[in-house]
file run10.cif (mmCIF, C-alpha atoms)
data_input
loop_
_atom_site.label_atom_id
_atom_site.label_comp_id
_atom_site.auth_asym_id
_atom_site.auth_seq_id
_atom_site.Cartn_x
_atom_site.Cartn_y
_atom_site.Cartn_z
CA MET A 1 0.37 -0.62 27.64
CA ALA A 2 -0.43 3.05 28.28
CA LYS A 3 -2.57 4.26 31.16
CA PRO A 4 -6.36 3.92 30.64
CA ASP A 5 -7.04 7.60 31.36
CA MET A 6 -4.78 8.50 28.42
CA LEU A 7 -6.59 6.14 26.07
CA SER A 8 -10.30 6.87 26.51
CA GLY A 9 -10.46 8.70 23.17
CA GLN A 10 -8.72 5.87 21.34
CA TRP A 11 -10.92 3.27 23.04
CA GLN A 12 -14.04 5.17 22.02
CA ALA A 13 -12.94 5.56 18.40
CA VAL A 14 -12.03 1.86 18.13
CA TYR A 15 -15.26 0.78 19.81
CA GLU A 16 -17.42 2.95 17.54
CA GLY A 17 -15.61 1.66 14.46
CA LEU A 18 -16.04 -1.98 15.48
CA CYS A 19 -19.76 -1.38 16.10
CA GLU A 20 -20.32 -0.22 12.51
CA ARG A 21 -21.66 -2.60 9.88
CA PRO A 22 -19.34 -3.84 8.60
CA PRO A 23 -16.99 -3.27 11.55
CA ARG A 24 -14.07 -0.98 10.75
CA LEU A 25 -10.59 -0.28 12.05
CA ASN A 26 -8.65 2.86 11.24
CA PRO A 27 -5.63 1.91 9.08
CA LYS A 28 -3.46 3.95 11.43
CA TRP A 29 -3.39 0.80 13.58
CA PHE A 30 -1.18 -0.91 10.97
CA TYR A 31 1.67 1.41 11.88
CA ASP A 32 3.90 0.73 14.81
CA ALA A 33 7.60 -0.08 14.38
CA ARG A 34 6.78 -3.60 13.19
CA GLY A 35 4.04 -2.37 10.85
CA SER A 36 6.35 0.21 9.28
CA ALA A 37 8.97 -2.50 8.69
CA LEU A 38 6.33 -4.77 7.16
CA PHE A 39 5.16 -2.01 4.83
CA ASP A 40 8.73 -1.44 3.69
CA ALA A 41 8.90 -5.18 2.97
CA ILE A 42 5.63 -5.00 1.00
CA THR A 43 7.14 -2.41 -1.32
CA ARG A 44 9.89 -4.88 -2.23
CA GLN A 45 7.53 -7.73 -3.17
CA PRO A 46 7.46 -8.58 -6.90
CA GLU A 47 3.67 -8.24 -7.04
CA TYR A 48 3.64 -4.75 -5.52
CA TYR A 49 4.19 -2.43 -8.50
CA PRO A 50 3.44 1.09 -7.08
CA THR A 51 6.83 1.69 -5.45
CA ARG A 52 8.82 0.50 -8.46
CA ALA A 53 6.63 2.47 -10.88
CA GLU A 54 6.96 5.66 -8.83
CA GLU A 55 10.72 5.23 -8.50
CA GLU A 56 10.90 4.69 -12.25
CA ILE A 57 9.15 8.04 -12.76
CA LEU A 58 11.55 9.80 -10.39
CA ALA A 59 14.59 8.22 -12.06
CA SER A 60 13.58 8.87 -15.66
CA GLN A 61 11.67 12.16 -15.30
CA GLY A 62 13.25 13.66 -12.20
CA ASP A 63 14.85 16.50 -14.16
CA SER A 64 11.46 17.53 -15.54
CA ILE A 65 9.96 17.43 -12.04
CA ALA A 66 12.90 19.48 -10.72
CA ARG A 67 12.38 22.17 -13.36
CA TRP A 68 8.75 22.43 -12.28
CA ILE A 69 9.69 22.69 -8.58
CA GLY A 70 12.48 25.19 -9.23
CA PRO A 71 15.77 25.97 -7.44
CA ASP A 72 16.34 26.55 -3.71
CA ALA A 73 13.38 24.39 -2.74
CA GLN A 74 12.25 23.64 0.79
CA VAL A 75 10.72 20.17 0.54
CA ALA A 76 8.15 19.00 3.08
CA GLU A 77 7.19 15.35 2.66
CA LEU A 78 3.96 13.92 4.06
CA GLY A 79 4.13 10.27 5.13
CA ALA A 80 7.87 10.23 4.55
CA GLY A 81 8.40 6.56 5.40
CA ASN A 82 12.10 5.76 5.21
CA GLY A 83 12.93 8.74 2.99
CA GLU A 84 14.02 6.61 0.04
CA LYS A 85 12.01 8.50 -2.58
CA ALA A 86 12.99 11.87 -1.13
CA VAL A 87 16.64 10.97 -1.78
CA MET A 88 15.74 10.32 -5.41
CA LEU A 89 13.91 13.64 -5.75
CA LEU A 90 16.56 15.71 -3.97
CA ARG A 91 19.20 14.28 -6.30
CA HIS A 92 17.54 16.13 -9.19
CA LEU A 93 16.80 19.43 -7.44
CA GLU A 94 18.96 22.52 -7.86
CA ARG A 95 20.34 23.73 -4.51
CA PRO A 96 17.62 22.29 -2.24
CA ARG A 97 17.65 24.18 1.06
CA SER A 98 15.77 21.96 3.49
CA TYR A 99 13.84 18.74 3.91
CA VAL A 100 11.01 18.28 6.41
CA PRO A 101 9.79 14.67 6.73
CA THR A 102 6.42 14.17 8.42
CA ASP A 103 5.16 10.78 9.56
CA ILE A 104 2.97 9.21 12.24
CA SER A 105 5.67 6.59 12.85
CA SER A 106 8.69 7.73 14.86
CA ALA A 107 10.64 4.70 13.61
CA SER A 108 10.05 5.76 10.00
CA LEU A 109 11.06 9.34 10.80
CA GLU A 110 14.33 8.21 12.34
CA ALA A 111 15.08 6.15 9.23
CA ALA A 112 14.22 9.06 6.92
CA VAL A 113 16.36 11.57 8.82
CA HIS A 114 19.31 9.16 8.91
CA ARG A 115 19.02 8.38 5.20
CA ILE A 116 18.78 12.04 4.13
CA ARG A 117 21.60 13.24 6.38
CA GLN A 118 23.85 10.51 5.03
CA ALA A 119 23.07 11.47 1.44
CA TYR A 120 23.01 15.28 1.90
CA ALA A 121 25.26 16.31 4.77
CA GLY A 122 24.74 20.06 4.27
CA LEU A 123 20.96 19.96 3.98
CA THR A 124 18.80 21.28 6.82
CA VAL A 125 16.59 18.41 8.02
CA GLU A 126 13.78 18.93 10.54
CA ALA A 127 11.47 16.00 11.27
CA VAL A 128 7.85 16.41 12.38
CA ALA A 129 6.03 13.56 14.15
CA ALA A 130 2.39 14.23 13.30
CA ASP A 131 -0.72 12.90 11.64
CA PHE A 132 -0.71 14.93 8.44
CA PHE A 133 -4.37 14.06 7.81
CA ASP A 134 -5.19 16.54 10.58
CA GLY A 135 -3.42 19.44 8.90
CA LEU A 136 -0.17 20.70 7.47
CA PRO A 137 2.55 20.93 10.12
CA TRP A 138 4.92 23.54 8.67
CA PRO A 139 7.75 24.04 11.20
CA GLU A 140 8.08 27.64 12.36
CA THR A 141 11.73 27.62 11.31
CA LEU A 142 10.76 27.02 7.67
CA SER A 143 10.54 30.22 5.65
CA GLU A 144 7.77 30.67 3.12
CA GLU A 145 10.03 30.93 0.07
CA GLY A 146 10.36 27.95 -2.24
CA ARG A 147 8.17 25.60 -0.24
CA CYS A 148 7.13 22.42 -2.01
CA LEU A 149 4.88 19.78 -0.52
CA VAL A 150 5.39 16.18 -1.66
CA PHE A 151 3.20 13.16 -0.98
CA PHE A 152 4.69 10.04 -2.52
CA GLY A 153 3.00 6.66 -2.62
CA SER A 154 -0.74 6.47 -3.12
CA THR A 155 -1.94 7.22 0.41
CA ILE A 156 -4.56 9.64 -0.85
CA GLY A 157 -6.28 6.52 -2.20
CA ASN A 158 -6.85 5.35 1.38
CA MET A 159 -9.36 8.18 1.87
CA GLU A 160 -12.92 8.19 0.63
CA PRO A 161 -13.06 10.43 -2.48
CA ALA A 162 -15.08 13.14 -0.72
CA GLU A 163 -12.69 12.99 2.24
CA ALA A 164 -9.69 13.21 -0.11
CA GLU A 165 -11.15 16.27 -1.82
CA ASN A 166 -11.85 17.97 1.51
CA TRP A 167 -8.34 17.15 2.70
CA LEU A 168 -6.84 18.67 -0.45
CA ARG A 169 -8.98 21.75 0.14
CA ARG A 170 -7.77 22.06 3.75
CA LEU A 171 -4.15 21.72 2.66
CA ARG A 172 -4.62 24.42 0.04
CA ARG A 173 -5.48 26.88 2.81
CA SER A 174 -2.02 26.23 4.29
CA LEU A 175 -0.25 26.88 0.99
CA LYS A 176 0.65 30.25 -0.50
CA PRO A 177 -0.04 31.26 -4.13
CA GLY A 178 2.56 29.70 -6.38
CA GLU A 179 3.55 26.95 -3.96
CA HIS A 180 3.81 23.47 -5.43
CA PHE A 181 2.34 20.12 -4.40
CA LEU A 182 3.72 16.90 -5.91
CA ILE A 183 1.40 13.98 -5.21
CA GLY A 184 1.38 10.30 -6.16
CA VAL A 185 -1.79 8.63 -7.44
CA ASP A 186 -2.27 4.96 -8.31
CA LEU A 187 -4.10 4.59 -11.61
CA LYS A 188 -6.93 2.25 -12.60
CA LYS A 189 -5.75 -0.89 -14.38
CA ASP A 190 -6.43 -4.61 -14.89
CA PRO A 191 -8.03 -5.90 -11.65
CA ALA A 192 -5.79 -9.00 -11.77
CA ILE A 193 -2.72 -6.76 -11.35
CA LEU A 194 -4.34 -5.03 -8.38
CA ASN A 195 -5.42 -8.26 -6.72
CA ARG A 196 -1.91 -9.70 -6.97
CA ALA A 197 -0.40 -6.52 -5.53
CA TYR A 198 -2.47 -6.81 -2.34
CA ASN A 199 -2.11 -10.59 -1.98
CA ASP A 200 1.62 -11.17 -2.35
CA ALA A 201 2.80 -14.78 -2.38
CA ALA A 202 5.11 -14.23 0.59
CA GLY A 203 2.17 -13.19 2.77
CA ILE A 204 3.73 -9.88 3.84
CA THR A 205 0.53 -7.89 3.23
CA ALA A 206 -1.39 -10.45 5.29
CA ARG A 207 1.02 -9.98 8.20
CA PHE A 208 0.76 -6.21 7.80
CA ASN A 209 -3.04 -6.39 7.96
CA LEU A 210 -2.95 -8.65 11.04
CA ASN A 211 -0.47 -6.32 12.72
CA ALA A 212 -3.36 -3.94 13.39
CA LEU A 213 -4.68 -6.50 15.90
CA VAL A 214 -1.26 -6.96 17.49
CA HIS A 215 -0.92 -3.18 17.82
CA LEU A 216 -4.40 -2.87 19.35
CA ASN A 217 -3.58 -5.58 21.86
CA ARG A 218 -0.39 -3.87 22.94
CA VAL A 219 -1.82 -0.34 23.23
CA LEU A 220 -5.40 -1.02 24.34
CA GLY A 221 -5.25 -4.58 25.72
CA ALA A 222 -8.04 -5.58 23.33
CA GLY A 223 -7.41 -9.32 23.59
CA PHE A 224 -7.56 -10.19 19.89
CA HIS A 225 -6.18 -13.59 18.90
CA PRO A 226 -4.54 -12.81 15.53
CA GLU A 227 -4.30 -16.53 14.71
CA ARG A 228 -8.13 -16.58 14.56
CA TRP A 229 -8.19 -14.11 11.66
CA HIS A 230 -7.04 -14.12 8.07
CA HIS A 231 -6.30 -11.46 5.47
CA GLN A 232 -8.66 -10.79 2.56
CA ALA A 233 -8.19 -8.22 -0.20
CA GLY A 234 -9.78 -7.68 -3.60
CA TYR A 235 -10.66 -5.03 -6.16
CA ASN A 236 -14.21 -3.68 -6.16
CA ALA A 237 -14.60 -2.47 -9.76
CA GLU A 238 -17.93 -0.76 -9.07
CA ARG A 239 -16.37 1.46 -6.40
CA GLY A 240 -12.93 1.71 -8.00
CA ARG A 241 -11.04 0.54 -4.94
CA VAL A 242 -9.14 -2.35 -3.41
CA GLU A 243 -10.79 -3.37 -0.13
CA MET A 244 -8.90 -5.05 2.71
CA TYR A 245 -10.55 -7.05 5.48
CA LEU A 246 -9.68 -9.26 8.40
CA VAL A 247 -11.97 -12.30 8.45
CA ALA A 248 -12.68 -14.30 11.62
CA THR A 249 -12.02 -18.03 11.30
CA GLU A 250 -13.14 -18.85 14.87
CA PRO A 251 -15.38 -17.24 17.49
CA GLU A 252 -13.67 -14.22 19.05
CA ARG A 253 -14.51 -11.99 21.99
CA ILE A 254 -12.50 -8.85 22.67
CA ARG A 255 -12.64 -5.99 25.14
CA VAL A 256 -12.39 -2.31 24.27
CA GLY A 257 -12.46 -0.25 27.45
CA GLU A 258 -15.58 -1.32 29.32
CA HIS A 259 -17.16 -2.90 26.25
CA GLU A 260 -17.05 -6.48 25.01
CA ILE A 261 -17.50 -7.24 21.32
CA SER A 262 -18.07 -10.72 19.89
CA PHE A 263 -17.30 -11.97 16.39
CA ARG A 264 -18.51 -15.12 14.68
CA PRO A 265 -16.61 -17.14 12.06
CA GLY A 266 -16.94 -15.31 8.75
CA ASP A 267 -17.36 -11.86 10.31
CA ARG A 268 -15.18 -9.28 8.59
CA ILE A 269 -13.44 -6.15 9.88
CA HIS A 270 -12.86 -3.58 7.14
CA THR A 271 -9.31 -2.30 7.63
CA GLU A 272 -8.49 -0.28 4.52
CA ASN A 273 -9.59 0.98 1.12
CA SER A 274 -7.22 1.92 -1.67
CA TYR A 275 -9.00 3.96 -4.33
CA LYS A 276 -7.64 4.04 -7.86
CA TYR A 277 -8.22 6.95 -10.22
CA THR A 278 -7.85 7.86 -13.85
CA ILE A 279 -5.69 10.91 -14.50
CA GLU A 280 -8.74 12.95 -15.42
CA GLU A 281 -10.65 11.87 -12.30
CA PHE A 282 -7.83 13.09 -10.09
CA HIS A 283 -7.46 16.32 -12.04
CA GLN A 284 -11.17 17.03 -11.64
CA MET A 285 -10.89 16.44 -7.89
CA SER A 286 -7.87 18.75 -7.66
CA ARG A 287 -9.61 21.52 -9.57
CA ARG A 288 -12.68 21.27 -7.36
CA ALA A 289 -10.34 21.60 -4.36
CA GLY A 290 -8.94 24.82 -5.83
CA TYR A 291 -5.67 23.74 -7.45
CA ARG A 292 -4.16 24.45 -10.85
CA ILE A 293 -2.97 21.40 -12.79
CA ASP A 294 0.60 22.02 -13.95
CA ALA A 295 1.92 18.62 -15.04
CA VAL A 296 1.55 14.87 -14.77
CA TRP A 297 4.26 12.23 -15.05
CA THR A 298 3.60 8.49 -15.48
CA ASP A 299 5.58 5.29 -15.87
CA PRO A 300 5.60 3.79 -19.41
CA ARG A 301 2.73 1.37 -18.59
CA LYS A 302 0.65 4.18 -17.08
CA TRP A 303 0.14 2.20 -13.89
CA PHE A 304 1.17 5.04 -11.58
CA SER A 305 1.29 8.83 -11.75
CA LEU A 306 2.89 11.85 -10.10
CA HIS A 307 0.87 15.05 -10.37
CA GLY A 308 2.26 18.55 -10.16
CA ILE A 309 -0.46 20.84 -8.83
CA SER A 310 -0.17 24.32 -7.35
CA VAL A 311 -2.07 27.16 -5.73
CA GLU A 312 -2.94 30.12 -7.93
#
call {"tool": "encode", "arguments": {"input": "run10.cif", "output": "structure tokens"}}
result
Amino acid sequence: MAKPDMLSGQWQAVYEGLCERPPRLNPKWFYDARGSALFDAITRQPEYYPTRAEEEILASQGDSIARWIGPDAQVAELGAGNGEKAVMLLRHLERPRSYVPTDISSASLEAAVHRIRQAYAGLTVEAVAADFFDGLPWPETLSEEGRCLVFFGSTIGNMEPAEAENWLRRLRRSLKPGEHFLIGVDLKKDPAILNRAYNDAAGITARFNLNALVHLNRVLGAGFHPERWHHQAGYNAERGRVEMYLVATEPERIRVGEHEISFRPGDRIHTENSYKYTIEEFHQMSRRAGYRIDAVWTDPRKWFSLHGISVE
């Protein structure tokens, strides 16, 4: 566990979130080495369609995406994970010059760098350990020609819509006219499909959700008993989002810094939202944030989408 004087800001943020109604935890707490491995396992579950749908788009329409990006690209990926999708994209690009994976998880970055260097020995790879929600970390060594930002998955859905729009607007200020942004968006669909995706039969998503408590215990010494909590997830049609919670099954008392917080059976901690959009809803958001809509690619069932947007 890190020294208390290094953690006062984290303690305060966690304490304030847990004092909200309902209590909240930042989904960043899912992600330590174990959490990253669990998320990779989630993407391989039969119920979890987004990864397969996005990979299907890259496999079947990668040449079209590559024509839009253009030759000699410098690809910067936000939330790179293990770099699997970047390998698929780079395979279609003409003479890609560099790849810059960005992730909050150092374990994921190491996996991404290893995977890309194995697949593309001559490609310049420069990893950036950063929280990309705070801004766009272009390395100083990256020239401004041919830069393309990519954001696979549907992580933008984890932000509130107003927050997502503001984030897109902030990113636009870091991009030059003509630069491209390829971004994944999960589309609205039958709620039963969504509910299955976030409640896989193997219980991997449940373990991923509970890992936030394990991570908090290790870093902040919070004293959660994960066995006293269970995973809950469901689609809220009115708000257009899947909501994830941890629900107390027994009384629980934890400590955050100098504060104690008590939970009763049935109390819920809100750990994540995953907003779903129609294509037009996302295009409207992008236009309001100052982007031009160039293209959209979907899987045959129209469950998932990749959007090509750019700065004019």
call {"tool": "closest_residue", "arguments": {"input": "run10.cif", "among": "A:Glu144, A:Glu281, A:Glu243, A:Glu160", "to": "Asn199 in chain A", "atoms": "only C-alpha atoms"}}
result
A:Glu243
call {"tool": "residues_around", "arguments": {"input": "run10.cif", "residues": "Glu227 in chain A", "least_positions_apart": "4", "cutoff": "10 Å", "atoms": "all atoms listed in the file", "output": "list in words"}}
result
Leu210, Ala248, Thr249 and Glu250 of chain A
call {"tool": "atom_distance", "arguments": {"input": "run10.cif", "atom1": "CA of Gly234 in chain A", "atom2": "CA of Val14 in chain A"}}
result
23.8 Å
call {"tool": "residues_around", "arguments": {"input": "run10.cif", "residues": "Gly240 in chain A", "least_positions_apart": "5", "cutoff": "10 Å", "atoms": "only C-alpha atoms", "output": "PyMOL selection string"}}
result
chain A and resi 187-189+191+235+273-278
call {"tool": "closest_residue", "arguments": {"input": "run10.cif", "among": "A:Trp68, A:Tyr15, A:Phe208, A:Phe151", "to": "Leu171 in chain A", "atoms": "only C-alpha atoms"}}
result
A:Phe151
call {"tool": "atom_distance", "arguments": {"input": "run10.cif", "atom1": "CA of Gly153 in chain A", "atom2": "CA of Gly184 in chain A"}}
result
5.3 Å
call {"tool": "resolve_selection", "arguments": {"input": "run10.cif", "expression": "the PyMOL selection byres ((chain A and resi 145) around 10)", "output": "list in words"}}
result
Asp72, Ala73, Gln74, Leu142, Ser143, Glu144, Gly146, Arg147, Cys148, Lys176, Gly178 and Glu179 of chain A
call {"tool": "closest_residue", "arguments": {"input": "run10.cif", "among": "A:Ala37, A:Ala162, A:Met88, A:Ile42", "to": "Asp200 in chain A", "atoms": "all atoms listed in the file"}}
result
A:Ile42
call {"tool": "resolve_selection", "arguments": {"input": "run10.cif", "expression": "the PyMOL selection byres ((chain A and resi 108) around 10)", "output": "JSON, numbers by chain"}}
result
{"A": [31, 32, 33, 36, 37, 40, 79, 80, 81, 82, 83, 101, 102, 103, 104, 105, 106, 107, 109, 110, 111, 112, 113, 114, 129]}
call {"tool": "resolve_selection", "arguments": {"input": "run10.cif", "expression": "the PyMOL selection byres ((chain A and resi 170) around 12)", "output": "mmCIF file with C-alpha atoms, in the coordinates of the input"}}
result
data_model
loop_
_atom_site.group_PDB
_atom_site.id
_atom_site.type_symbol
_atom_site.label_atom_id
_atom_site.label_comp_id
_atom_site.auth_asym_id
_atom_site.auth_seq_id
_atom_site.Cartn_x
_atom_site.Cartn_y
_atom_site.Cartn_z
ATOM 1 C CA PHE A 132 -0.710 14.930 8.440
ATOM 2 C CA PHE A 133 -4.370 14.060 7.810
ATOM 3 C CA ASP A 134 -5.190 16.540 10.580
ATOM 4 C CA GLY A 135 -3.420 19.440 8.900
ATOM 5 C CA LEU A 136 -0.170 20.700 7.470
ATOM 6 C CA GLU A 163 -12.690 12.990 2.240
ATOM 7 C CA ALA A 164 -9.690 13.210 -0.110
ATOM 8 C CA GLU A 165 -11.150 16.270 -1.820
ATOM 9 C CA ASN A 166 -11.850 17.970 1.510
ATOM 10 C CA TRP A 167 -8.340 17.150 2.700
ATOM 11 C CA LEU A 168 -6.840 18.670 -0.450
ATOM 12 C CA ARG A 169 -8.980 21.750 0.140
ATOM 13 C CA LEU A 171 -4.150 21.720 2.660
ATOM 14 C CA ARG A 172 -4.620 24.420 0.040
ATOM 15 C CA ARG A 173 -5.480 26.880 2.810
ATOM 16 C CA SER A 174 -2.020 26.230 4.290
ATOM 17 C CA LEU A 175 -0.250 26.880 0.990
ATOM 18 C CA SER A 286 -7.870 18.750 -7.660
ATOM 19 C CA ALA A 289 -10.340 21.600 -4.360
ATOM 20 C CA GLY A 290 -8.940 24.820 -5.830
ATOM 21 C CA TYR A 291 -5.670 23.740 -7.450
#
call {"tool": "atom_distance", "arguments": {"input": "run10.cif", "atom1": "CA of Ile57 in chain A", "atom2": "CA of Leu89 in chain A"}}
result
10.2 Å
